[in-house]
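Structure file start-v9.cif with mmCIF, C-alpha atoms and all ligand atoms:
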```
data_coords
loop_
_atom_site.label_atom_id
_atom_site.label_comp_id
_atom_site.auth_asym_id
_atom_site.auth_seq_id
_atom_site.Cartn_x
_atom_site.Cartn_y
_atom_site.Cartn_z
CA MET A 1 135.81 102.86 -55.68
CA SER A 2 132.22 103.83 -55.30
CA ASN A 3 129.34 103.06 -53.00
CA ASN A 4 126.93 104.56 -55.48
CA VAL A 5 126.00 101.51 -57.48
CA LEU A 6 122.94 102.99 -59.14
CA ALA A 7 125.03 105.21 -61.37
CA SER A 8 127.76 102.70 -61.91
CA GLY A 9 127.67 101.42 -65.48
CA MET A 10 131.45 101.00 -65.43
CA HIS A 11 131.64 99.45 -62.00
CA VAL A 12 132.40 95.87 -61.05
CA ASP A 13 132.09 93.77 -57.89
CA LEU A 14 134.95 91.27 -57.76
CA HIS A 15 134.03 89.29 -54.64
CA VAL A 16 130.68 87.49 -54.62
CA HIS A 17 129.52 84.20 -53.06
CA THR A 18 126.63 82.01 -54.20
CA THR A 19 124.80 78.89 -53.10
CA ALA A 20 127.66 76.88 -54.63
CA SER A 21 129.41 77.65 -51.34
CA ASP A 22 127.97 79.58 -48.41
CA GLY A 23 126.04 82.33 -50.19
CA THR A 24 122.24 82.35 -50.08
CA ASP A 25 121.55 83.60 -53.64
CA SER A 26 121.94 81.17 -56.53
CA PRO A 27 124.53 81.92 -59.23
CA ARG A 28 121.72 83.03 -61.54
CA GLU A 29 120.22 85.29 -58.90
CA VAL A 30 123.46 87.16 -58.33
CA VAL A 31 123.87 87.76 -62.05
CA TYR A 32 120.32 89.12 -62.36
CA LYS A 33 120.84 91.29 -59.30
CA ALA A 34 124.05 92.62 -60.84
CA GLU A 35 122.12 93.52 -63.98
CA LYS A 36 119.50 95.40 -61.93
CA LEU A 37 122.29 97.30 -60.17
CA ASN A 38 123.78 98.23 -63.54
CA LEU A 39 127.09 96.57 -62.74
CA ARG A 40 129.29 96.01 -65.77
CA ALA A 41 130.84 92.82 -64.38
CA ILE A 42 130.93 90.61 -61.31
CA ALA A 43 133.33 87.91 -60.24
CA ILE A 44 131.89 84.87 -58.52
CA THR A 45 134.44 83.79 -55.93
CA ASP A 46 132.95 80.87 -54.06
CA HIS A 47 134.93 79.11 -51.35
CA ASP A 48 136.99 76.27 -52.83
CA THR A 49 134.65 75.57 -55.75
CA PHE A 50 133.91 76.58 -59.35
CA TYR A 51 130.56 74.87 -59.18
CA GLY A 52 128.45 78.04 -59.53
CA LEU A 53 130.15 79.32 -62.67
CA ASP A 54 128.28 77.31 -65.31
CA ASP A 55 124.87 78.53 -64.21
CA ALA A 56 126.14 82.07 -63.75
CA LEU A 57 127.62 82.08 -67.26
CA LYS A 58 124.29 81.03 -68.71
CA ALA A 59 122.52 83.83 -66.86
CA ALA A 60 125.20 86.31 -67.88
CA GLY A 61 124.48 85.38 -71.50
CA ASP A 62 120.94 86.77 -71.02
CA THR A 63 122.21 90.03 -69.56
CA GLY A 64 124.81 92.67 -70.24
CA VAL A 65 126.76 91.59 -67.17
CA GLU A 66 130.23 90.18 -67.77
CA LEU A 67 131.08 87.23 -65.55
CA VAL A 68 134.66 86.93 -64.34
CA SER A 69 135.36 83.40 -63.17
CA GLY A 70 136.85 83.29 -59.72
CA ILE A 71 137.45 81.31 -56.57
CA GLU A 72 138.40 82.02 -52.95
CA LEU A 73 140.80 79.54 -51.38
CA SER A 74 140.97 79.18 -47.60
CA THR A 75 144.53 78.95 -46.31
CA GLU A 76 146.35 79.46 -43.07
CA PHE A 77 149.49 81.28 -42.02
CA GLN A 78 150.72 81.36 -38.41
CA ASN A 79 147.37 80.25 -37.09
CA GLN A 80 145.50 82.94 -39.01
CA GLU A 81 142.99 82.63 -41.82
CA VAL A 82 144.33 83.91 -45.12
CA HIS A 83 142.04 83.87 -48.14
CA ILE A 84 143.47 83.87 -51.64
CA LEU A 85 141.27 84.96 -54.54
CA GLY A 86 141.95 83.49 -57.97
CA TYR A 87 140.58 85.02 -61.17
CA LEU A 88 140.34 83.45 -64.64
CA ALA A 89 142.09 80.22 -63.66
CA ASP A 90 141.52 77.23 -65.91
CA THR A 91 138.64 75.49 -64.15
CA ARG A 92 139.71 72.16 -65.64
CA ASN A 93 143.34 72.32 -64.53
CA GLU A 94 144.07 68.93 -62.99
CA ASN A 95 146.16 70.04 -60.02
CA LEU A 96 143.59 72.63 -59.15
CA THR A 97 140.54 70.38 -59.49
CA ALA A 98 142.25 67.62 -57.49
CA ARG A 99 143.04 70.08 -54.73
CA LEU A 100 139.49 71.44 -54.71
CA GLU A 101 138.15 67.91 -54.40
CA SER A 102 140.37 67.36 -51.40
CA PHE A 103 139.21 70.66 -49.82
CA ARG A 104 135.61 69.71 -50.47
CA LYS A 105 136.04 66.42 -48.63
CA SER A 106 137.93 67.92 -45.71
CA ARG A 107 135.21 70.57 -45.37
CA ILE A 108 132.61 67.80 -44.98
CA LYS A 109 134.78 66.07 -42.35
CA ARG A 110 135.31 69.31 -40.47
CA ILE A 111 131.62 70.19 -40.45
CA ASN A 112 130.85 66.68 -39.28
CA LYS A 113 133.17 67.16 -36.29
CA ILE A 114 131.58 70.52 -35.52
CA VAL A 115 128.11 68.94 -35.61
CA THR A 116 129.31 66.17 -33.26
CA LYS A 117 130.60 68.79 -30.82
CA LEU A 118 127.30 70.66 -30.94
CA GLN A 119 125.39 67.42 -30.38
CA ALA A 120 127.60 66.72 -27.35
CA LEU A 121 126.50 70.12 -26.02
CA GLY A 122 122.94 68.82 -26.25
CA PHE A 123 121.79 70.63 -29.39
CA PRO A 124 119.46 68.59 -31.57
CA LEU A 125 120.92 68.98 -35.03
CA SER A 126 122.22 66.47 -37.55
CA MET A 127 124.77 66.40 -40.32
CA GLU A 128 121.93 65.66 -42.73
CA GLU A 129 120.21 68.88 -41.75
CA VAL A 130 123.39 70.85 -42.31
CA LEU A 131 124.04 69.24 -45.67
CA ALA A 132 120.40 69.84 -46.58
CA GLN A 133 120.95 73.50 -45.76
CA ALA A 134 123.66 73.47 -48.38
CA SER A 135 121.80 71.02 -50.61
CA HIS A 136 118.40 72.59 -51.03
CA ARG A 137 120.17 75.41 -52.79
CA ALA A 138 123.23 74.02 -54.50
CA TYR A 139 124.70 70.92 -52.99
CA ASN A 140 121.99 68.97 -54.68
CA GLY A 141 123.51 65.54 -54.32
CA THR A 142 126.00 66.33 -57.03
CA GLY A 143 128.74 66.76 -54.45
CA LYS A 144 130.21 69.76 -56.21
CA GLY A 145 129.31 72.66 -53.99
CA THR A 146 131.11 73.26 -50.70
CA VAL A 147 129.73 73.20 -47.19
CA GLY A 148 130.89 75.60 -44.49
CA ARG A 149 130.25 76.85 -40.99
CA PRO A 150 127.54 79.30 -42.17
CA HIS A 151 125.39 76.28 -43.10
CA VAL A 152 125.73 75.03 -39.52
CA ALA A 153 124.93 78.50 -38.23
CA ARG A 154 121.76 78.69 -40.32
CA VAL A 155 120.49 75.39 -38.88
CA LEU A 156 121.17 76.72 -35.36
CA VAL A 157 119.16 79.84 -36.24
CA GLN A 158 116.28 77.82 -37.72
CA LYS A 159 116.08 75.75 -34.55
CA GLY A 160 116.02 78.83 -32.36
CA ILE A 161 119.28 77.84 -30.65
CA VAL A 162 120.77 81.21 -31.59
CA ASN A 163 119.20 84.43 -32.84
CA SER A 164 121.53 85.05 -35.75
CA VAL A 165 124.34 83.60 -37.83
CA SER A 166 126.84 85.89 -36.16
CA GLN A 167 125.64 84.81 -32.71
CA ALA A 168 126.32 81.19 -33.76
CA PHE A 169 129.90 82.19 -34.57
CA ASP A 170 130.30 84.29 -31.43
CA ARG A 171 128.99 81.61 -29.09
CA TYR A 172 129.83 78.26 -30.64
CA ILE A 173 131.59 77.87 -33.97
CA GLY A 174 133.86 80.92 -34.32
CA LYS A 175 137.58 80.48 -33.86
CA GLY A 176 138.43 79.30 -30.33
CA LYS A 177 134.77 78.82 -29.37
CA ILE A 178 133.47 75.64 -27.77
CA ALA A 179 132.42 73.80 -30.94
CA PHE A 180 135.23 75.14 -33.14
CA VAL A 181 137.28 72.69 -35.16
CA PRO A 182 140.37 73.91 -37.04
CA ARG A 183 140.56 73.34 -40.77
CA VAL A 184 143.18 71.24 -42.50
CA LYS A 185 146.17 73.52 -42.92
CA TYR A 186 147.06 74.76 -46.39
CA ASP A 187 149.83 77.27 -47.05
CA PRO A 188 148.90 80.57 -48.77
CA LEU A 189 151.99 80.25 -50.98
CA ASN A 190 150.68 76.92 -52.26
CA ALA A 191 147.35 78.54 -53.07
CA VAL A 192 149.06 81.35 -55.01
CA ASP A 193 151.11 78.79 -56.89
CA LEU A 194 148.08 76.60 -57.63
CA ILE A 195 146.19 79.54 -59.13
CA ARG A 196 149.17 80.77 -61.15
CA GLN A 197 149.91 77.26 -62.47
CA ALA A 198 146.31 77.19 -63.70
CA GLY A 199 146.83 80.49 -65.54
CA GLY A 200 144.85 82.49 -62.98
CA VAL A 201 145.52 85.81 -61.29
CA ALA A 202 146.26 85.46 -57.55
CA VAL A 203 144.98 88.18 -55.23
CA LEU A 204 145.16 88.43 -51.44
CA ALA A 205 141.60 88.76 -50.08
CA HIS A 206 140.71 91.24 -47.31
CA PRO A 207 144.19 91.52 -45.74
CA GLY A 208 142.72 93.85 -43.13
CA LEU A 209 140.96 90.90 -41.49
CA ALA A 210 144.23 89.20 -40.55
CA ASN A 211 147.45 90.40 -39.03
CA ILE A 212 149.76 89.33 -41.84
CA ASP A 213 151.10 92.55 -43.37
CA ASP A 214 154.72 91.49 -42.73
CA TYR A 215 154.13 88.35 -44.73
CA ILE A 216 152.81 90.09 -47.86
CA PRO A 217 156.27 90.62 -49.45
CA GLU A 218 156.87 86.88 -49.26
CA LEU A 219 153.54 86.26 -50.98
CA ILE A 220 154.52 88.72 -53.71
CA THR A 221 157.82 86.91 -54.23
CA GLY A 222 155.75 83.73 -54.41
CA GLY A 223 153.67 85.12 -57.28
CA LEU A 224 150.90 87.18 -55.71
CA GLN A 225 149.66 89.72 -58.28
CA GLY A 226 147.01 91.71 -56.51
CA ILE A 227 145.55 92.77 -53.22
CA GLU A 228 141.93 93.37 -52.26
CA VAL A 229 142.16 96.97 -51.16
CA TYR A 230 138.41 97.67 -51.03
CA HIS A 231 136.36 95.44 -48.76
CA PRO A 232 133.37 96.15 -46.48
CA GLN A 233 135.35 95.19 -43.38
CA HIS A 234 138.29 97.46 -44.20
CA ASP A 235 138.27 100.80 -42.42
CA TRP A 236 139.71 103.83 -44.18
CA GLN A 237 143.14 103.29 -42.63
CA ASP A 238 143.21 99.72 -44.00
CA THR A 239 142.16 100.96 -47.42
CA ARG A 240 144.82 103.67 -47.43
CA ARG A 241 147.54 101.30 -46.22
CA TYR A 242 146.78 98.61 -48.82
CA LEU A 243 146.36 101.13 -51.60
CA ARG A 244 149.86 102.37 -50.83
CA LEU A 245 151.19 98.83 -50.65
CA ALA A 246 149.63 98.06 -54.04
CA SER A 247 151.32 101.09 -55.49
CA ASP A 248 154.71 100.37 -53.85
CA TYR A 249 154.77 96.77 -55.08
CA ASP A 250 152.99 97.35 -58.36
CA LEU A 251 150.12 95.09 -57.35
CA LEU A 252 146.65 95.17 -58.83
CA ALA A 253 144.27 96.89 -56.39
CA THR A 254 140.97 94.99 -56.43
CA GLY A 255 137.77 95.23 -54.42
CA GLY A 256 134.37 93.74 -53.87
CA SER A 257 131.46 93.38 -51.51
CA ASP A 258 132.07 89.78 -50.31
CA TYR A 259 128.32 89.49 -50.70
CA HIS A 260 126.85 86.26 -49.28
CA GLY A 261 123.17 87.02 -49.87
CA PRO A 262 120.60 89.04 -47.95
CA ASP A 263 120.16 86.56 -45.08
CA ALA A 264 123.74 85.56 -44.46
CA GLY A 265 124.62 87.85 -41.58
CA GLY A 266 126.98 90.01 -43.62
CA ILE A 267 126.40 92.98 -45.89
CA GLU A 268 122.97 92.80 -47.43
CA SER A 269 123.45 94.06 -50.95
CA LEU A 270 125.57 93.11 -53.88
CA GLY A 271 127.71 95.93 -55.22
CA THR A 272 128.13 97.85 -51.96
CA ILE A 273 131.83 97.89 -52.81
CA THR A 274 132.88 98.21 -56.42
CA VAL A 275 135.94 99.08 -58.48
CA ASP A 276 136.30 100.41 -61.99
CA TYR A 277 135.96 98.13 -65.00
CA SER A 278 139.62 98.80 -65.82
CA VAL A 279 140.50 96.36 -63.02
CA VAL A 280 138.82 93.58 -65.03
CA GLU A 281 140.88 94.58 -68.06
CA GLU A 282 144.02 94.36 -65.92
CA ILE A 283 142.97 90.91 -64.68
CA HIS A 284 142.64 89.79 -68.31
CA ARG A 285 146.06 91.25 -69.06
CA LEU A 286 147.66 89.44 -66.12
CA ALA A 287 145.96 86.05 -66.67
CA GLY A 288 148.16 83.34 -68.08
CA LYS A 289 151.39 85.12 -67.18
P1 LIG A 301 134.34 78.13 -43.17
O1 LIG A 301 134.75 78.32 -44.60
O2 LIG A 301 133.50 76.92 -42.97
O3 LIG A 301 135.50 78.21 -42.22
O4 LIG A 301 133.40 79.38 -42.81
C1 LIG A 301 133.91 80.68 -43.00
C2 LIG A 301 132.81 81.60 -43.52
O5 LIG A 301 131.93 81.87 -42.47
C3 LIG A 301 133.31 82.96 -43.99
O6 LIG A 301 133.62 82.95 -45.33
C4 LIG A 301 132.14 83.85 -43.72
O7 LIG A 301 131.26 83.78 -44.81
C5 LIG A 301 131.45 83.21 -42.55
N1 LIG A 301 131.75 83.85 -41.26
C6 LIG A 301 132.92 83.82 -40.58
N2 LIG A 301 132.81 84.47 -39.40
C7 LIG A 301 131.54 84.92 -39.34
C8 LIG A 301 130.79 85.68 -38.39
N3 LIG A 301 131.34 86.10 -37.24
N4 LIG A 301 129.50 85.96 -38.68
C9 LIG A 301 128.95 85.55 -39.82
N5 LIG A 301 129.59 84.84 -40.75
C10 LIG A 301 130.86 84.52 -40.52
ZN ZN A 302 131.87 82.72 -46.93
FE FE A 303 137.18 85.55 -47.29
FE FE A 304 134.61 85.82 -49.43
#
```
Could you render the structure from this file as structure tokens?
Amino acid sequence: MSNNVLASGMHVDLHVHTTASDGTDSPREVVYKAEKLNLRAIAITDHDTFYGLDDALKAAGDTGVELVSGIELSTEFQNQEVHILGYLADTRNENLTARLESFRKSRIKRINKIVTKLQALGFPLSMEEVLAQASHRAYNGTGKGTVGRPHVARVLVQKGIVNSVSQAFDRYIGKGKIAFVPRVKYDPLNAVDLIRQAGGVAVLAHPGLANIDDYIPELITGGLQGIEVYHPQHDWQDTRRYLRLASDYDLLATGGSDYHGPDAGGIESLGTITVDYSVVEEIHRLAGK
């Protein structure tokens, strides 16, 4: 891993969000930024959608950046958020696309309930404004991007109701807060299976953000092939622990910045966490198995 992206012609960022979900850079923008940073490859891993990939592929064709198709599925285990990354899955697989369509719809319903709760608190915001927040970038009336709580948070910021996206989560829409609404439950094992059935490589995202280490062996038995060892919110103990786990279980050790764009309340630059290009080669080797 390296934090020195300027000298990183063999480095790749395998966790990137775009306006197709809750990122603030378009798919094209992230590819051009990757080129400027001299990244060899990036994976676009939007929440529950492949919608950004077509545009990103076109942009990648104009650059030397290799695009790895990806997705990040939101699942739940014992009341905790577990995110499963999928790389190189067949984006036209019927089970997968049907499931994504169902996630997309339940996301809209969930956000609608959150907006209703916020309105009941007296805040003047509408579902249209939230969807527009997603739409003016990617939602675009095509219905293919996904909406999420960050879009709500950005409307709250724009209206001066909170000072920042993270304050919106801390005060209102984060887990257990007054306007929180739980998501429809989906089992991580189902997500692993869905990705594998579509020929993809299933990787556990940022395990350090949940308390699920005891559950990882079960995920491996269920087909998990990799673990995101390097992530901006992992401290060095997390990184060491998951690196060891990857080695003990012969899992692919991946990493990425989880970049959501410069104004999204997270890390501000693409490529702040990278891994070696050999990880991409391993992903290609594992795909379809
Ligand atoms: P959702 O998919 O609608 O449940 O929203 C989850 C997304 O919100 C995550 O992927 C992050 O991008 C973002 N997020 C979660 N917690 C926070 C936070 N405390 N501050 C800023 N963004 C957050
Ligand atoms: Zn996100
Ligand atoms: Fe995640
Ligand atoms: Fe992510």
Once you count all atoms listed in the file, what closest atom pair and distance in Å to one decimal does each residue of chain A within 8 Å of ligand LIG 301 (chain A) have, with rows by chain and rising residue number, as JSON lines?
```
{"residue": "A:Asp22", "atom": "CA", "partner": "A:LIG301", "partner_atom": "O7", "distance": 6.4}
{"residue": "A:Gly23", "atom": "CA", "partner": "A:LIG301", "partner_atom": "O7", "distance": 7.6}
{"residue": "A:His47", "atom": "CA", "partner": "A:LIG301", "partner_atom": "O1", "distance": 6.8}
{"residue": "A:Ser74", "atom": "CA", "partner": "A:LIG301", "partner_atom": "O1", "distance": 7.0}
{"residue": "A:Arg107", "atom": "CA", "partner": "A:LIG301", "partner_atom": "O2", "distance": 7.0}
{"residue": "A:Ile111", "atom": "CA", "partner": "A:LIG301", "partner_atom": "O2", "distance": 7.4}
{"residue": "A:Val147", "atom": "CA", "partner": "A:LIG301", "partner_atom": "O2", "distance": 6.8}
{"residue": "A:Gly148", "atom": "CA", "partner": "A:LIG301", "partner_atom": "O2", "distance": 3.3}
{"residue": "A:Arg149", "atom": "CA", "partner": "A:LIG301", "partner_atom": "O2", "distance": 3.8}
{"residue": "A:Pro150", "atom": "CA", "partner": "A:LIG301", "partner_atom": "O5", "distance": 5.1}
{"residue": "A:Val165", "atom": "CA", "partner": "A:LIG301", "partner_atom": "C9", "distance": 5.4}
{"residue": "A:Ser166", "atom": "CA", "partner": "A:LIG301", "partner_atom": "N4", "distance": 3.7}
{"residue": "A:Gln167", "atom": "CA", "partner": "A:LIG301", "partner_atom": "N4", "distance": 7.2}
{"residue": "A:Ala168", "atom": "CA", "partner": "A:LIG301", "partner_atom": "N4", "distance": 7.6}
{"residue": "A:Phe169", "atom": "CA", "partner": "A:LIG301", "partner_atom": "N3", "distance": 4.9}
{"residue": "A:Asp170", "atom": "CA", "partner": "A:LIG301", "partner_atom": "N3", "distance": 6.2}
{"residue": "A:Gly174", "atom": "CA", "partner": "A:LIG301", "partner_atom": "N2", "distance": 6.3}
{"residue": "A:Arg183", "atom": "CA", "partner": "A:LIG301", "partner_atom": "O3", "distance": 7.2}
{"residue": "A:His260", "atom": "CA", "partner": "A:LIG301", "partner_atom": "O7", "distance": 6.8}
{"residue": "A:Ala264", "atom": "CA", "partner": "A:LIG301", "partner_atom": "N5", "distance": 7.0}
{"residue": "A:Gly265", "atom": "CA", "partner": "A:LIG301", "partner_atom": "C9", "distance": 5.2}
{"residue": "A:Gly266", "atom": "CA", "partner": "A:LIG301", "partner_atom": "C9", "distance": 6.2}
```
| message | How would you report the residues lying within 12 Å of ligand FE 304 (chain A), as a PyMOL selection string, if you count only C-alpha atoms and all ligand atoms? | response | chain A and resi 13-18+21-23+43-48+70-74+81-86+148+204-207+209+228+231-233+255-261+264+266-267
| Which residue gives the smallest distance to ligand FE 303 (chain A) among A:Leu251, A:Thr75, A:Ala198, A:Ile114, with only C-alpha atoms and all ligand atoms counted? | A:Thr75
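A straight line drawn from CA of Phe77 (chain A) to CA of Ala246 (chain A) is 20.6 Å long.
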| message | Env of Thr221 (chain A): 12 Å cut, atoms = only C-alpha atoms, seq-sep filter 6 positions within chain, self excluded. Answer as a PyMOL selection string. | response | chain A and resi 189+192-193+215+249+251
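Using all atoms listed in the file for every distance, the candidate list A:Lys177, A:Ile108, A:Ile220, A:His151 yields A:His151 as the residue closest to ligand ZN 302 (chain A).
The space separating CA of Ser26 (chain A) from CA of Val155 (chain A) comes to 18.6 Å.
Counting all atoms listed in the file, the residue from A:Leu125, A:Leu224, A:Ala20, A:Val229 that sits nearest to ligand ZN 302 (chain A) is A:Ala20.
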| message | Counting only C-alpha atoms, which residues sit no farther than 12 Å from the position (121.3, 87.2, -59.4) in the file's frame? I'd like them as a PyMOL selection string. | response | chain A and resi 16-19+23-37+39+42+44+52+55-60+62-63+65+67+259-262+269-271
Hey, can you spit out that residue selection with C-alpha atoms as a short mmCIF file (atom, residue, chain, number, x, y, z; two decimals), in the frame of the given file?
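The resulting file, part-v4.cif, is reproduced below:
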```
data_model
loop_
_atom_site.label_atom_id
_atom_site.label_comp_id
_atom_site.auth_asym_id
_atom_site.auth_seq_id
_atom_site.Cartn_x
_atom_site.Cartn_y
_atom_site.Cartn_z
CA VAL A 16 130.68 87.49 -54.62
CA HIS A 17 129.52 84.20 -53.06
CA THR A 18 126.63 82.01 -54.20
CA THR A 19 124.80 78.89 -53.10
CA GLY A 23 126.04 82.33 -50.19
CA THR A 24 122.24 82.35 -50.08
CA ASP A 25 121.55 83.60 -53.64
CA SER A 26 121.94 81.17 -56.53
CA PRO A 27 124.53 81.92 -59.23
CA ARG A 28 121.72 83.03 -61.54
CA GLU A 29 120.22 85.29 -58.90
CA VAL A 30 123.46 87.16 -58.33
CA VAL A 31 123.87 87.76 -62.05
CA TYR A 32 120.32 89.12 -62.36
CA LYS A 33 120.84 91.29 -59.30
CA ALA A 34 124.05 92.62 -60.84
CA GLU A 35 122.12 93.52 -63.98
CA LYS A 36 119.50 95.40 -61.93
CA LEU A 37 122.29 97.30 -60.17
CA LEU A 39 127.09 96.57 -62.74
CA ILE A 42 130.93 90.61 -61.31
CA ILE A 44 131.89 84.87 -58.52
CA GLY A 52 128.45 78.04 -59.53
CA ASP A 55 124.87 78.53 -64.21
CA ALA A 56 126.14 82.07 -63.75
CA LEU A 57 127.62 82.08 -67.26
CA LYS A 58 124.29 81.03 -68.71
CA ALA A 59 122.52 83.83 -66.86
CA ALA A 60 125.20 86.31 -67.88
CA ASP A 62 120.94 86.77 -71.02
CA THR A 63 122.21 90.03 -69.56
CA VAL A 65 126.76 91.59 -67.17
CA LEU A 67 131.08 87.23 -65.55
CA TYR A 259 128.32 89.49 -50.70
CA HIS A 260 126.85 86.26 -49.28
CA GLY A 261 123.17 87.02 -49.87
CA PRO A 262 120.60 89.04 -47.95
CA SER A 269 123.45 94.06 -50.95
CA LEU A 270 125.57 93.11 -53.88
CA GLY A 271 127.71 95.93 -55.22
#
```
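As for CA of Thr272 (chain A) and CA of Arg171 (chain A), they are spaced 28.1 Å apart.
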| request: Select, from A:Thr49, A:Ile216, A:Leu100, A:Leu131, the residue with the minimum atom-to-atom distance to ligand ZN 302 (chain A), counting only C-alpha atoms and all ligand atoms. | output: A:Thr49
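With all atoms listed in the file as the basis for measurement, A:Gly208 is the residue among A:Gly208, A:Gly64, A:Gly122, A:Gly199 that approaches ligand FE 303 (chain A) most closely.
Minimum atom-to-atom distances from A:Ile283, A:Ala89, A:Leu252, A:Ala191 to Phe103 (chain A) were compared using all atoms listed in the file, and the lowest value belongs to A:Ala191.
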